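One structure is given here, and the rest of the page talks about it.
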Amino acid sequence: MGKTLKKTTHKINTAIICKNCDGQVSGNFCSGCGQRADTHKLNMHFILHDLQHGLFHFDKGVLYTTKQLLTRPGHTIREFLEGKRVRHFQPLSFVIVLATFYGLLWHYLIFDRLHASLIEPRDGITRASVKIITWMTEHFAFDGLILIITSTLASYAIFKKRKYNLAEHLVLNTYLMGLFLIVSLLVFPIVYIGGIAATLQYGIVQQGFLLILMCWCYSQFFNNTSKAKTIGLTFIAFLVISVLNLAIGYFAGWIVTQF
């Protein structure tokens, strides 16, 4: 009896206590808050390992999510909404990482020559258009956020009879924006090599990419509807998105002409 009590006391004394919620931990993670049991003093090794694990591991993180979106986007996003989330980079963080990288490339490799070509309006490009293009290239993340919002509103309105709520449509279109950024990064070298002519036409090409990616992604995501019907509704959603973005563009044009 005394030996049993002694062993029990020893186990209690050596039990791991969660440093986040003070709960007793059995296993590698706290069952109360989910924090890891083996927390250590932070050092550069921890920072570099965390960065590598979050961004560059093929089985989890940015590269895993990128691979899944490039091969089966709609199925991947639907599975994420259904609960398969532990291996994926979170949607907003995913887009922020990609948008930041894309924005830096655009700013340092494209922006200066584009801005120089638009200093003096020509070929029907008005002063307001120059300001809008300049502002969009300087605030790429904000431009992406507008596209996510308009896409979410459009898909929610067009596919409202499906089982997904507004927040789920937001996740759908956030990951779709991530896929759009991935494709944009893949063709970025072509735009850079093509010079100012390719850069000025890139916006039109991107709209084509967006429509194709929407049809591909939505036809997989809404798998309880025929592909023909889903693609037809996707075209309608794309038109709604275009109208919303055009309205926002005209409003932005009116704002910039006041200054």
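Just so we're on the same page: first chain in the structure tokens is A, next is B, and so on; residues restart at 1 for each chain, and ligands are numbered from 1 in the order they show up.
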
Review point. Can you list, as a list in words, every protein, DNA or RNA residue that comes within 9 Å of Phe180 of chain A when you count only C-alpha atoms, leaving out same-chain residues fewer than 2 positions away?
Key: Tyr175, Leu176, Met177, Gly178, Ile182, Val183, Ser184, Leu185, Gln206, Phe209, Leu210 and Leu213 of chain A

Could you write those residues out with all heavy atoms, as a short mmCIF file (atom, residue, chain, number, x, y, z; two decimals), in the first residue's frame?
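Okay, this is what ended up in again14.cif:
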data_model
loop_
_atom_site.label_atom_id
_atom_site.label_comp_id
_atom_site.auth_asym_id
_atom_site.auth_seq_id
_atom_site.Cartn_x
_atom_site.Cartn_y
_atom_site.Cartn_z
N TYR A 175 -8.80 31.20 -50.46
CA TYR A 175 -7.90 30.19 -51.04
C TYR A 175 -7.84 30.33 -52.56
O TYR A 175 -6.79 30.10 -53.17
CB TYR A 175 -8.34 28.79 -50.65
CG TYR A 175 -7.75 28.30 -49.35
CD1 TYR A 175 -8.54 27.72 -48.37
CD2 TYR A 175 -6.38 28.39 -49.11
CE1 TYR A 175 -8.00 27.26 -47.18
CE2 TYR A 175 -5.83 27.94 -47.93
CZ TYR A 175 -6.64 27.37 -46.96
OH TYR A 175 -6.09 26.92 -45.79
N LEU A 176 -8.97 30.69 -53.18
CA LEU A 176 -8.97 30.93 -54.63
C LEU A 176 -8.05 32.08 -54.98
O LEU A 176 -7.31 32.02 -55.97
CB LEU A 176 -10.39 31.22 -55.11
CG LEU A 176 -10.55 31.57 -56.60
CD1 LEU A 176 -10.06 30.42 -57.48
CD2 LEU A 176 -12.00 31.91 -56.92
N MET A 177 -8.06 33.12 -54.16
CA MET A 177 -7.14 34.24 -54.36
C MET A 177 -5.69 33.77 -54.21
O MET A 177 -4.80 34.21 -54.95
CB MET A 177 -7.44 35.35 -53.35
CG MET A 177 -6.51 36.55 -53.44
SD MET A 177 -6.68 37.42 -55.03
CE MET A 177 -5.41 38.68 -54.86
N GLY A 178 -5.46 32.85 -53.26
CA GLY A 178 -4.13 32.28 -53.11
C GLY A 178 -3.69 31.54 -54.36
O GLY A 178 -2.55 31.68 -54.81
N ILE A 182 -0.57 32.29 -56.90
CA ILE A 182 0.42 31.27 -57.28
C ILE A 182 0.62 31.27 -58.79
O ILE A 182 1.76 31.28 -59.28
CB ILE A 182 -0.03 29.88 -56.79
CG1 ILE A 182 -0.03 29.82 -55.26
CG2 ILE A 182 0.89 28.80 -57.35
CD1 ILE A 182 -0.72 28.59 -54.71
N VAL A 183 -0.47 31.25 -59.53
CA VAL A 183 -0.38 31.26 -61.00
C VAL A 183 0.27 32.56 -61.48
O VAL A 183 1.09 32.55 -62.40
CB VAL A 183 -1.78 31.08 -61.62
CG1 VAL A 183 -1.72 31.24 -63.14
CG2 VAL A 183 -2.35 29.71 -61.26
N SER A 184 -0.08 33.67 -60.84
CA SER A 184 0.52 34.96 -61.22
C SER A 184 2.03 34.94 -60.99
O SER A 184 2.80 35.49 -61.79
CB SER A 184 -0.12 36.09 -60.41
OG SER A 184 -1.50 36.21 -60.71
N LEU A 185 2.46 34.30 -59.91
CA LEU A 185 3.90 34.19 -59.64
C LEU A 185 4.59 33.30 -60.66
O LEU A 185 5.74 33.56 -61.05
CB LEU A 185 4.12 33.64 -58.22
CG LEU A 185 3.87 34.61 -57.07
CD1 LEU A 185 3.85 33.87 -55.74
CD2 LEU A 185 4.95 35.71 -57.05
N GLN A 206 -4.63 38.40 -66.75
CA GLN A 206 -4.98 37.96 -65.40
C GLN A 206 -6.48 37.71 -65.25
O GLN A 206 -6.90 36.80 -64.54
CB GLN A 206 -4.51 39.00 -64.37
CG GLN A 206 -3.05 38.89 -64.01
CD GLN A 206 -2.68 39.79 -62.85
OE1 GLN A 206 -3.04 40.97 -62.82
NE2 GLN A 206 -1.98 39.25 -61.88
N PHE A 209 -7.08 34.35 -66.54
CA PHE A 209 -6.64 33.37 -65.55
C PHE A 209 -7.68 33.22 -64.44
O PHE A 209 -8.01 32.10 -64.03
CB PHE A 209 -5.31 33.81 -64.93
CG PHE A 209 -4.12 33.59 -65.80
CD1 PHE A 209 -2.99 34.38 -65.67
CD2 PHE A 209 -4.11 32.59 -66.76
CE1 PHE A 209 -1.88 34.19 -66.47
CE2 PHE A 209 -3.00 32.39 -67.58
CZ PHE A 209 -1.89 33.20 -67.43
N LEU A 210 -8.19 34.34 -63.96
CA LEU A 210 -9.14 34.31 -62.86
C LEU A 210 -10.40 33.54 -63.24
O LEU A 210 -10.89 32.71 -62.46
CB LEU A 210 -9.50 35.73 -62.44
CG LEU A 210 -10.51 35.85 -61.28
CD1 LEU A 210 -9.98 35.17 -60.03
CD2 LEU A 210 -10.84 37.32 -60.99
N LEU A 213 -9.58 29.77 -63.42
CA LEU A 213 -9.38 29.21 -62.09
C LEU A 213 -10.70 29.12 -61.33
O LEU A 213 -10.92 28.15 -60.58
CB LEU A 213 -8.38 30.07 -61.31
CG LEU A 213 -6.94 30.06 -61.84
CD1 LEU A 213 -6.08 31.04 -61.05
CD2 LEU A 213 -6.35 28.66 -61.78
#

Point to revise | Contacts of segment 215-220 of chain A at 9 Å (only C-alpha atoms; same-chain gap of 3+ positions) as a PyMOL selection string | key: chain A and resi 69+72-78+172+176+210-212+223+225-232+234-235

Output of the above residues as a PDB file, in the first residue's frame, restricted to C-alpha atoms:
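selection_9.pdb written:
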ATOM      1  CA  LEU A  69      -4.447  24.014 -54.672  1.00  0.00           C
ATOM      2  CA  ARG A  72      -7.238  19.775 -56.754  1.00  0.00           C
ATOM      3  CA  PRO A  73      -8.309  23.235 -55.568  1.00  0.00           C
ATOM      4  CA  GLY A  74     -12.056  22.794 -55.096  1.00  0.00           C
ATOM      5  CA  HIS A  75     -11.780  19.400 -53.394  1.00  0.00           C
ATOM      6  CA  THR A  76      -9.021  20.717 -51.117  1.00  0.00           C
ATOM      7  CA  ILE A  77     -11.025  23.751 -50.001  1.00  0.00           C
ATOM      8  CA  ARG A  78     -14.176  21.689 -49.418  1.00  0.00           C
ATOM      9  CA  LEU A 172     -13.368  29.477 -50.521  1.00  0.00           C
ATOM     10  CA  LEU A 176      -8.975  30.928 -54.625  1.00  0.00           C
ATOM     11  CA  LEU A 210      -9.142  34.308 -62.865  1.00  0.00           C
ATOM     12  CA  LEU A 211     -12.121  33.079 -64.886  1.00  0.00           C
ATOM     13  CA  ILE A 212     -10.428  29.759 -65.712  1.00  0.00           C
ATOM     14  CA  ASN A 223     -19.569  18.725 -56.456  1.00  0.00           C
ATOM     15  CA  THR A 225     -24.206  20.097 -58.843  1.00  0.00           C
ATOM     16  CA  SER A 226     -23.529  19.252 -62.485  1.00  0.00           C
ATOM     17  CA  LYS A 227     -20.339  20.752 -63.879  1.00  0.00           C
ATOM     18  CA  ALA A 228     -22.187  22.432 -66.739  1.00  0.00           C
ATOM     19  CA  LYS A 229     -24.547  24.223 -64.346  1.00  0.00           C
ATOM     20  CA  THR A 230     -21.721  25.154 -61.980  1.00  0.00           C
ATOM     21  CA  ILE A 231     -19.629  26.611 -64.817  1.00  0.00           C
ATOM     22  CA  GLY A 232     -22.649  28.579 -66.058  1.00  0.00           C
ATOM     23  CA  THR A 234     -19.490  30.725 -62.323  1.00  0.00           C
ATOM     24  CA  PHE A 235     -19.650  32.859 -65.473  1.00  0.00           C
TER      25      PHE A 235
END

Check your understanding: Which neighbours of Phe159 of chain A fall inside 9 Å, counting only C-alpha atoms, when residues of the same chain fewer than 5 positions from it are skipped, and could you give them as an NGL selection string?
Key -> :A and (154 or 164 or 222 or 230 or 233-234 or 237)

Residues from the last selection, N, CA and C atoms, saved as a PDB file, in the first residue's frame:
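Wrote it out as result_20.pdb, contents follow:
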ATOM      1  N   ALA A 154     -20.207  37.749 -54.505  1.00  0.00           N
ATOM      2  CA  ALA A 154     -20.773  37.212 -55.739  1.00  0.00           C
ATOM      3  C   ALA A 154     -21.075  35.726 -55.615  1.00  0.00           C
ATOM      4  N   TYR A 164     -23.457  26.303 -47.996  1.00  0.00           N
ATOM      5  CA  TYR A 164     -22.352  27.042 -47.388  1.00  0.00           C
ATOM      6  C   TYR A 164     -22.765  28.454 -46.975  1.00  0.00           C
ATOM      7  N   PHE A 222     -18.318  22.711 -55.640  1.00  0.00           N
ATOM      8  CA  PHE A 222     -19.759  22.429 -55.613  1.00  0.00           C
ATOM      9  C   PHE A 222     -20.004  21.112 -56.358  1.00  0.00           C
ATOM     10  N   THR A 230     -22.656  24.419 -62.834  1.00  0.00           N
ATOM     11  CA  THR A 230     -21.721  25.154 -61.980  1.00  0.00           C
ATOM     12  C   THR A 230     -20.902  26.144 -62.794  1.00  0.00           C
ATOM     13  N   LEU A 233     -23.062  29.109 -63.730  1.00  0.00           N
ATOM     14  CA  LEU A 233     -23.219  30.015 -62.589  1.00  0.00           C
ATOM     15  C   LEU A 233     -21.916  30.752 -62.287  1.00  0.00           C
ATOM     16  N   THR A 234     -20.795  30.083 -62.547  1.00  0.00           N
ATOM     17  CA  THR A 234     -19.490  30.725 -62.323  1.00  0.00           C
ATOM     18  C   THR A 234     -19.298  31.901 -63.273  1.00  0.00           C
ATOM     19  N   ALA A 237     -21.194  34.685 -61.809  1.00  0.00           N
ATOM     20  CA  ALA A 237     -20.459  35.228 -60.663  1.00  0.00           C
ATOM     21  C   ALA A 237     -19.291  36.092 -61.129  1.00  0.00           C
TER      22      ALA A 237
END

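Atom pair atom CA of Leu109 of chain A / atom CA of Val95 of chain A: separated by 20.6 Å.
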